[in-house]
Amino acid sequence: MTVPAIDPSTLPGPAQKILDPSGPAPLKAMAAKGLMPGLGPGAILAVIVALSLLNDANGETAKKTLEKLPPPLLNGALALQDLHPAVLDALGPIYARDAAVSEKILFHPALVSDTVVAMAMVGTEGVCELIATNEERLLQVPSIIEKLYVNKNCRMSTADRLLELAVRNDIELNIPAFAQAKAAIQGELIAEPTEAPTFDDEQFSTGVVIAAELRLEDGEDTHQLDEMTGKEEIAAKAKPLHAIWADLRPPAKIRLLTIGTMREYDAEGRDVGETRFDAKALRMLGVRDANPLVAVAAMHTPGVSDAEVVRIAGMRNVAEDVLREIAFNKDWTRHYMVKFNLVANPRTPFGQASKFVLHLRENDIKTLAKSKEVSGAIQAAAKQQMIRKGKGQ
């Protein structure tokens with residue numbers, strides 16, 4: 001549901017005077033700062049929101065005012081059942097980092113779905129959890145799930161649960177690699193959420209090295225003491241990325257490939273920051289994953305470059321499904337080296353590799369016809385092409 005515009009005629013007389021285009025300029029300037037004696041909290045915020053939409057100095061002032069509203073004014077307005085939806089829509093994204101304020105917004109009767117979508121994009125972990133509790137709204141507006149899924153603050157376990165909710169209810173989501181993530185969810189049973197930490201919460205509760213390179217701060221040890229067991233364990237930052245990757249479940253790998261970051265928590269579950277992964281390093285792990293769903297999903301993650309596709313097309317330790325995915329992509333196969341690498345790669349299915357033989361240069365065809373590094377079928381196809389060109393025997 002879209003957000004209706006504020007109709008000045010529905011506001012008290014003083015508010016209408018402020019919003020009147022021909023009204024006194026000094027009055028507008030004061031109102032943009034929130035200075036409106038005699039008006040109630042709801043009307044004050046409605047005027048500020050309306051002014052914030054203007055492309056002038058008052059509009060900029062009003063935007064700044066919305067970001068620093070006095071708590072009595074903010075809470076007084078949110079307590080009003082008839083607060084205008086446009087006010088909630090303006091406040092939602094701004095206060096999506098304040099769980100207490102967000103809770104009042106999310107449970108307000110005048111809230112519309114577009115506001116929730118905007119909050120889901122930028123909400124903190126706590127706000128994401130609040131949004132995720134309303135499954136009825138999530139099923140009615142799947143775009144909320146989409147925004148939560150790609151929000152780096154949303155817990156991995158929460159994203160898994162929402163993905164499963166969509167899959168169980170036959171809802172298609174517009175997220176990267178959804179087909180592969182859906183198949184991964186359908187192929188395993190996901191435990192119902194409990195108050196106890198889930199497997200995903202535990203495996204995403206510590207930081208990791210950005211690539212395979214070890215990065216520890218000065219004085220930081222490679223081991224840490226587990227206060228629960230009294231045993232020393234290797235610090236997460238000291239673990240190779242591939243070792244951490246190997247411990248993840250397929251849906252978690254697919255989401256990590258998509259968002260490229262995770263939240264880090266201390267022993268008490270407090271958020272202590274964000275850890276970023278190198279996107280290329282993740283993709284190189286992804287395309288070599290034993291699960292073909294994960295491997296193909298890696299090719300659908302944001303930011304895949306042509307140079308990466310060229311390299312992956314020539315790799316002999318990737319799944320056939322990845323090579324087939326590249327072969328079917330017209331944008332990728334516009335590049336000559338992608339076509340050549342697919343043909344020269346013995347892991348490329350013959351049906352896909354053979355159709356590109358016709359597009360190769362004569363010297364490359366000669367090389368393939370004599371090469372022992374390609375499959376016999378490709379050798380034969382290259383020789384036949386040379387004969388067609390009158391260059392073979």
# chains A, B, ... in the order shown; residues from 1 in each chain; ligands from 1

$ residues_around --residues "Glu103 in chain A" --least-positions-apart "3" --cutoff "8 Å" --atoms "only C-alpha atoms" --output "short mmCIF file (atom, residue, chain, number, x, y, z; two decimals) with C-alpha atoms, in the first residue's frame"
data_model
loop_
_atom_site.label_atom_id
_atom_site.label_comp_id
_atom_site.auth_asym_id
_atom_site.auth_seq_id
_atom_site.Cartn_x
_atom_site.Cartn_y
_atom_site.Cartn_z
CA ALA A 99 14.29 -0.13 18.27
CA ALA A 100 12.09 1.63 20.83
CA LEU A 106 5.66 -0.72 13.30
CA PHE A 107 2.66 -1.31 15.54
CA VAL A 127 14.45 -3.52 14.12
CA LEU A 130 10.65 -6.62 14.99
#

$ closest_residue --among "A:Val49, A:Leu162, A:Ala32, A:Val310" --to "Ala86 in chain A" --atoms "only C-alpha atoms"
A:Val49

$ residues_around --residues "range 8-20 of chain A" --least-positions-apart "4" --cutoff "8 Å" --atoms "only C-alpha atoms" --output "number ranges by chain"
A: 24, 27-28, 31, 39, 43-44, 47, 50-51

$ write_last_selection --atoms "N, CA and C atoms" --output "PDB file, in the first residue's frame"
ATOM      1  N   PRO A  24       3.277  33.646   4.914  1.00  0.00           N
ATOM      2  CA  PRO A  24       4.483  34.390   5.310  1.00  0.00           C
ATOM      3  C   PRO A  24       5.728  33.499   5.346  1.00  0.00           C
ATOM      4  N   LEU A  27       7.150  32.584   8.824  1.00  0.00           N
ATOM      5  CA  LEU A  27       6.360  31.561   9.503  1.00  0.00           C
ATOM      6  C   LEU A  27       6.789  30.169   9.057  1.00  0.00           C
ATOM      7  N   LYS A  28       7.053  30.040   7.778  1.00  0.00           N
ATOM      8  CA  LYS A  28       7.512  28.747   7.246  1.00  0.00           C
ATOM      9  C   LYS A  28       8.892  28.390   7.811  1.00  0.00           C
ATOM     10  N   ALA A  31       8.470  27.179  11.272  1.00  0.00           N
ATOM     11  CA  ALA A  31       7.815  25.865  11.285  1.00  0.00           C
ATOM     12  C   ALA A  31       8.789  24.757  10.890  1.00  0.00           C
ATOM     13  N   LEU A  39      -0.037  24.343  18.214  1.00  0.00           N
ATOM     14  CA  LEU A  39      -0.400  23.136  17.464  1.00  0.00           C
ATOM     15  C   LEU A  39      -0.039  21.881  18.261  1.00  0.00           C
ATOM     16  N   ALA A  43      -0.124  17.545  14.329  1.00  0.00           N
ATOM     17  CA  ALA A  43      -0.143  18.619  13.336  1.00  0.00           C
ATOM     18  C   ALA A  43       1.249  19.179  13.103  1.00  0.00           C
ATOM     19  N   ILE A  44       2.030  19.300  14.183  1.00  0.00           N
ATOM     20  CA  ILE A  44       3.399  19.811  14.048  1.00  0.00           C
ATOM     21  C   ILE A  44       4.223  18.915  13.120  1.00  0.00           C
ATOM     22  N   VAL A  47       3.150  19.138   9.456  1.00  0.00           N
ATOM     23  CA  VAL A  47       3.666  20.345   8.795  1.00  0.00           C
ATOM     24  C   VAL A  47       5.148  20.176   8.461  1.00  0.00           C
ATOM     25  N   ALA A  50       5.498  17.827   5.527  1.00  0.00           N
ATOM     26  CA  ALA A  50       5.085  18.486   4.290  1.00  0.00           C
ATOM     27  C   ALA A  50       6.155  19.467   3.823  1.00  0.00           C
ATOM     28  N   LEU A  51       6.749  20.206   4.741  1.00  0.00           N
ATOM     29  CA  LEU A  51       7.805  21.148   4.379  1.00  0.00           C
ATOM     30  C   LEU A  51       9.066  20.444   3.910  1.00  0.00           C
TER      31      LEU A  51
END

$ residues_around --residues "range 143-159 of chain A" --least-positions-apart "2" --cutoff "7 Å" --atoms "only C-alpha atoms" --output "MDAnalysis selection string"
chainID A and resid 116:117 120:122 124:125 128 138 141 161:163 173:175 200:201 252 259 261:263

$ closest_residue --among "A:Arg168, A:Arg334, A:His242, A:His84" --to "Val3 in chain A" --atoms "only C-alpha atoms"
A:His84

$ residues_around --residues "Ile365 in chain A" --least-positions-apart "5" --cutoff "10 Å" --atoms "only C-alpha atoms" --output "ChimeraX atom specification"
/A:340,343-344,357-360,370-371,378-379,381-386

$ residues_around --residues "Gly286 in chain A" --least-positions-apart "6" --cutoff "7 Å" --atoms "only C-alpha atoms" --output "PDB file with C-alpha atoms, in the first residue's frame"
ATOM      1  CA  VAL A 294      25.741 -22.786  -4.187  1.00  0.00           C
ATOM      2  CA  ALA A 295      28.141 -22.859  -7.133  1.00  0.00           C
ATOM      3  CA  ALA A 298      27.856 -17.516  -6.902  1.00  0.00           C
TER       4      ALA A 298
END

$ residues_around --residues "Lys63 in chain A" --least-positions-apart "2" --cutoff "12 Å" --atoms "only C-alpha atoms" --output "list in words"
Ala31, Ala32, Lys33, Gly34, Leu45, Val47, Ile48, Val49, Ala50, Leu51, Ser52, Leu53, Leu54, Asn55, Asp56, Ala57, Asn58, Gly59, Glu60, Thr61, Thr65, Leu66, Glu67, Lys68, Leu69, Ala90, Leu91 and Ile94 of chain A

$ select_by_dssp --residues "range 6-188 of chain A" --states "alpha helix (DSSP H)" --output "PyMOL selection string"
chain A and resi 13-19+25-32+41-52+57-67+71-78+85-94+99-106+113-122+125-132+135-140+142-150+156-168+178-186

$ atom_distance --atom1 "CA of Arg288 in chain A" --atom2 "CA of Val167 in chain A"
25.8 Å
